[in-house]
Amino acid sequence: MDSWEAIRAECAACQKCVLGETRHNVVFGTGNPRAPILFVGEGPGEQEDLQGEPFVGPAGRFLDDMLSLIHLERSRDFYITNIVKCRPPRNRDPLGPEQDACIGYLRRQTALMRPRIIVCLGRIAAMRLIKPDFRITREHGQWFTKSGVEMTALYHPSALLRDPAKRPETFEDLVALREKILSVCPQVYEGQKI
């Protein structure tokens with residue numbers, strides 16, 4: 001029987017790809033592992049590597065601000081992790097072999113969590129989890145169903161920091177996410193005024 005502790009320990013000792021040679025910390029994930037919503041980014045950045053938690057730098061703070069607009073809180077309402085658990089050098093996109101080496105950890109996390117909704121943050125996660133030819137500029141905010149799980153992608157928060165012109169579309173995507181949560185797992189909003 002798999003457990004969060006077993007996956008975390010295995011991940012902490014992992015040397016399956018070159019990213020393990022340069023990391024400060026494995027960035028396993030954070031949030032509520034019993035929540036019905038899973039957010040998945042591509043890989044840790046500098047602050048994440050130093051602190052050992054995903055989305056703690058400027059993009060992470062921006063993501064938390066965005067999600068607060070639809071009354072989602074990390075510690076309570078969702079779990080957040082990445083495709084790869086170690087920082088790619090200079091924050092480059094994780095390469096295919098690096099994703100392949102690490103994807104088993106995400107699959108095991110997902111199997112334990114059994115989320116009803118998965119939100120990909122950026123094109124790398126969407127290409128890996130939704131479909132290989134995913135186009136973030138055309139398909140962000142669209143919903144896909146895979147194995148009974150509702151899946152969508154948002155622009156990565158770092159892309160929104162670089163290009164504020166994408167923020168109005170993302171707000172619309174967040175409103176659609178809130179509506180999907182209300183229809184698929186309304187318990188997330190129980191007791192909240194939304």
# chains A, B, ... in the order shown; residues from 1 in each chain; ligands from 1
call {"tool": "residues_around", "arguments": {"residues": "stretch 124-128 of chain A", "least_positions_apart": "4", "cutoff": "7 Å", "atoms": "only C-alpha atoms", "output": "compact mmCIF listing (two decimals) with C-alpha atoms, in the first residue's frame"}}
result
# COMPACT_ATOMS: atom_id res chain seq x y z
CA VAL A 40 0.17 21.01 -11.25
CA GLY A 41 2.95 23.28 -12.51
CA GLU A 42 5.99 22.38 -14.56
CA ILE A 83 5.59 17.64 -13.06
CA CYS A 120 -2.50 22.55 -15.09
CA PRO A 132 0.76 16.46 -26.14
CA ASP A 133 -0.30 19.12 -28.66
CA PHE A 134 -2.00 21.38 -26.09
CA ALA A 153 -5.16 24.67 -17.87
call {"tool": "closest_atom_pairs", "arguments": {"of": "stretch 43-126 of chain A", "to": "stretch 166-189 of chain A", "cutoff": "10 Å", "atoms": "only C-alpha atoms", "output": "JSON lines"}}
result
{"residue": "A:Met66", "atom": "CA", "partner": "A:Phe171", "partner_atom": "CA", "distance": 8.0}
{"residue": "A:Leu67", "atom": "CA", "partner": "A:Leu174", "partner_atom": "CA", "distance": 7.6}
{"residue": "A:Leu69", "atom": "CA", "partner": "A:Leu174", "partner_atom": "CA", "distance": 8.2}
{"residue": "A:Ile70", "atom": "CA", "partner": "A:Arg178", "partner_atom": "CA", "distance": 6.2}
{"residue": "A:His71", "atom": "CA", "partner": "A:Tyr189", "partner_atom": "CA", "distance": 7.9}
{"residue": "A:Leu72", "atom": "CA", "partner": "A:Val188", "partner_atom": "CA", "distance": 8.4}
{"residue": "A:Arg76", "atom": "CA", "partner": "A:Val188", "partner_atom": "CA", "distance": 8.7}
{"residue": "A:Asp77", "atom": "CA", "partner": "A:Val188", "partner_atom": "CA", "distance": 6.3}
{"residue": "A:Phe78", "atom": "CA", "partner": "A:Val188", "partner_atom": "CA", "distance": 9.0}
{"residue": "A:Pro115", "atom": "CA", "partner": "A:Cys185", "partner_atom": "CA", "distance": 9.7}
{"residue": "A:Arg116", "atom": "CA", "partner": "A:Val184", "partner_atom": "CA", "distance": 7.1}
{"residue": "A:Ile117", "atom": "CA", "partner": "A:Ile181", "partner_atom": "CA", "distance": 7.7}
{"residue": "A:Val119", "atom": "CA", "partner": "A:Leu177", "partner_atom": "CA", "distance": 8.8}
call {"tool": "write_last_selection", "arguments": {"atoms": "N, CA, C and O atoms", "output": "PDB file, in the first residue's frame"}}
result
ATOM      1  N   MET A  66      -4.570  35.297  -7.002  1.00  0.00           N
ATOM      2  CA  MET A  66      -5.586  34.979  -8.019  1.00  0.00           C
ATOM      3  C   MET A  66      -6.632  34.020  -7.460  1.00  0.00           C
ATOM      4  O   MET A  66      -7.834  34.217  -7.648  1.00  0.00           O
ATOM      5  N   LEU A  67      -6.186  32.978  -6.782  1.00  0.00           N
ATOM      6  CA  LEU A  67      -7.111  31.962  -6.292  1.00  0.00           C
ATOM      7  C   LEU A  67      -7.969  32.484  -5.147  1.00  0.00           C
ATOM      8  O   LEU A  67      -9.100  32.031  -4.956  1.00  0.00           O
ATOM      9  N   LEU A  69      -9.403  35.213  -5.215  1.00  0.00           N
ATOM     10  CA  LEU A  69     -10.538  35.862  -5.871  1.00  0.00           C
ATOM     11  C   LEU A  69     -11.726  34.912  -6.012  1.00  0.00           C
ATOM     12  O   LEU A  69     -12.873  35.354  -6.066  1.00  0.00           O
ATOM     13  N   ILE A  70     -11.436  33.610  -6.084  1.00  0.00           N
ATOM     14  CA  ILE A  70     -12.527  32.627  -6.165  1.00  0.00           C
ATOM     15  C   ILE A  70     -12.590  31.792  -4.873  1.00  0.00           C
ATOM     16  O   ILE A  70     -13.080  30.667  -4.863  1.00  0.00           O
ATOM     17  N   HIS A  71     -12.059  32.379  -3.792  1.00  0.00           N
ATOM     18  CA  HIS A  71     -12.191  31.821  -2.444  1.00  0.00           C
ATOM     19  C   HIS A  71     -11.527  30.451  -2.289  1.00  0.00           C
ATOM     20  O   HIS A  71     -12.058  29.584  -1.598  1.00  0.00           O
ATOM     21  N   LEU A  72     -10.374  30.274  -2.927  1.00  0.00           N
ATOM     22  CA  LEU A  72      -9.600  29.046  -2.734  1.00  0.00           C
ATOM     23  C   LEU A  72      -8.359  29.371  -1.916  1.00  0.00           C
ATOM     24  O   LEU A  72      -7.664  30.345  -2.195  1.00  0.00           O
ATOM     25  N   ARG A  76      -6.244  24.678   2.660  1.00  0.00           N
ATOM     26  CA  ARG A  76      -7.543  24.068   2.908  1.00  0.00           C
ATOM     27  C   ARG A  76      -8.159  23.389   1.685  1.00  0.00           C
ATOM     28  O   ARG A  76      -8.719  22.298   1.777  1.00  0.00           O
ATOM     29  N   ASP A  77      -8.069  24.039   0.516  1.00  0.00           N
ATOM     30  CA  ASP A  77      -8.925  23.672  -0.609  1.00  0.00           C
ATOM     31  C   ASP A  77      -8.262  22.888  -1.731  1.00  0.00           C
ATOM     32  O   ASP A  77      -8.961  22.347  -2.585  1.00  0.00           O
ATOM     33  N   PHE A  78      -6.942  22.863  -1.787  1.00  0.00           N
ATOM     34  CA  PHE A  78      -6.284  22.168  -2.896  1.00  0.00           C
ATOM     35  C   PHE A  78      -4.877  21.739  -2.504  1.00  0.00           C
ATOM     36  O   PHE A  78      -4.339  22.156  -1.487  1.00  0.00           O
ATOM     37  N   PRO A 115      -8.131  13.229  -7.066  1.00  0.00           N
ATOM     38  CA  PRO A 115      -8.801  14.518  -7.256  1.00  0.00           C
ATOM     39  C   PRO A 115      -9.956  14.414  -8.240  1.00  0.00           C
ATOM     40  O   PRO A 115      -9.954  13.569  -9.123  1.00  0.00           O
ATOM     41  N   ARG A 116     -10.917  15.310  -8.088  1.00  0.00           N
ATOM     42  CA  ARG A 116     -12.026  15.409  -9.035  1.00  0.00           C
ATOM     43  C   ARG A 116     -11.688  16.397 -10.143  1.00  0.00           C
ATOM     44  O   ARG A 116     -12.232  16.329 -11.231  1.00  0.00           O
ATOM     45  N   ILE A 117     -10.802  17.375  -9.808  1.00  0.00           N
ATOM     46  CA  ILE A 117     -10.406  18.423 -10.752  1.00  0.00           C
ATOM     47  C   ILE A 117      -8.890  18.557 -10.718  1.00  0.00           C
ATOM     48  O   ILE A 117      -8.285  18.601  -9.645  1.00  0.00           O
ATOM     49  N   VAL A 119      -5.952  21.131 -12.322  1.00  0.00           N
ATOM     50  CA  VAL A 119      -5.686  22.390 -13.023  1.00  0.00           C
ATOM     51  C   VAL A 119      -4.199  22.446 -13.351  1.00  0.00           C
ATOM     52  O   VAL A 119      -3.365  22.467 -12.448  1.00  0.00           O
TER      53      VAL A 119
END
call {"tool": "closest_residue", "arguments": {"among": "A:Glu10, A:Glu139, A:Asp65, A:Asp49", "to": "A:Pro89", "atoms": "only C-alpha atoms"}}
result
A:Asp49
call {"tool": "residues_around", "arguments": {"residues": "A:Pro88", "least_positions_apart": "3", "cutoff": "10 Å", "atoms": "only C-alpha atoms", "output": "ChimeraX atom specification"}}
result
/A:18-20,22-23,42-46,49,84-85,91-95,98
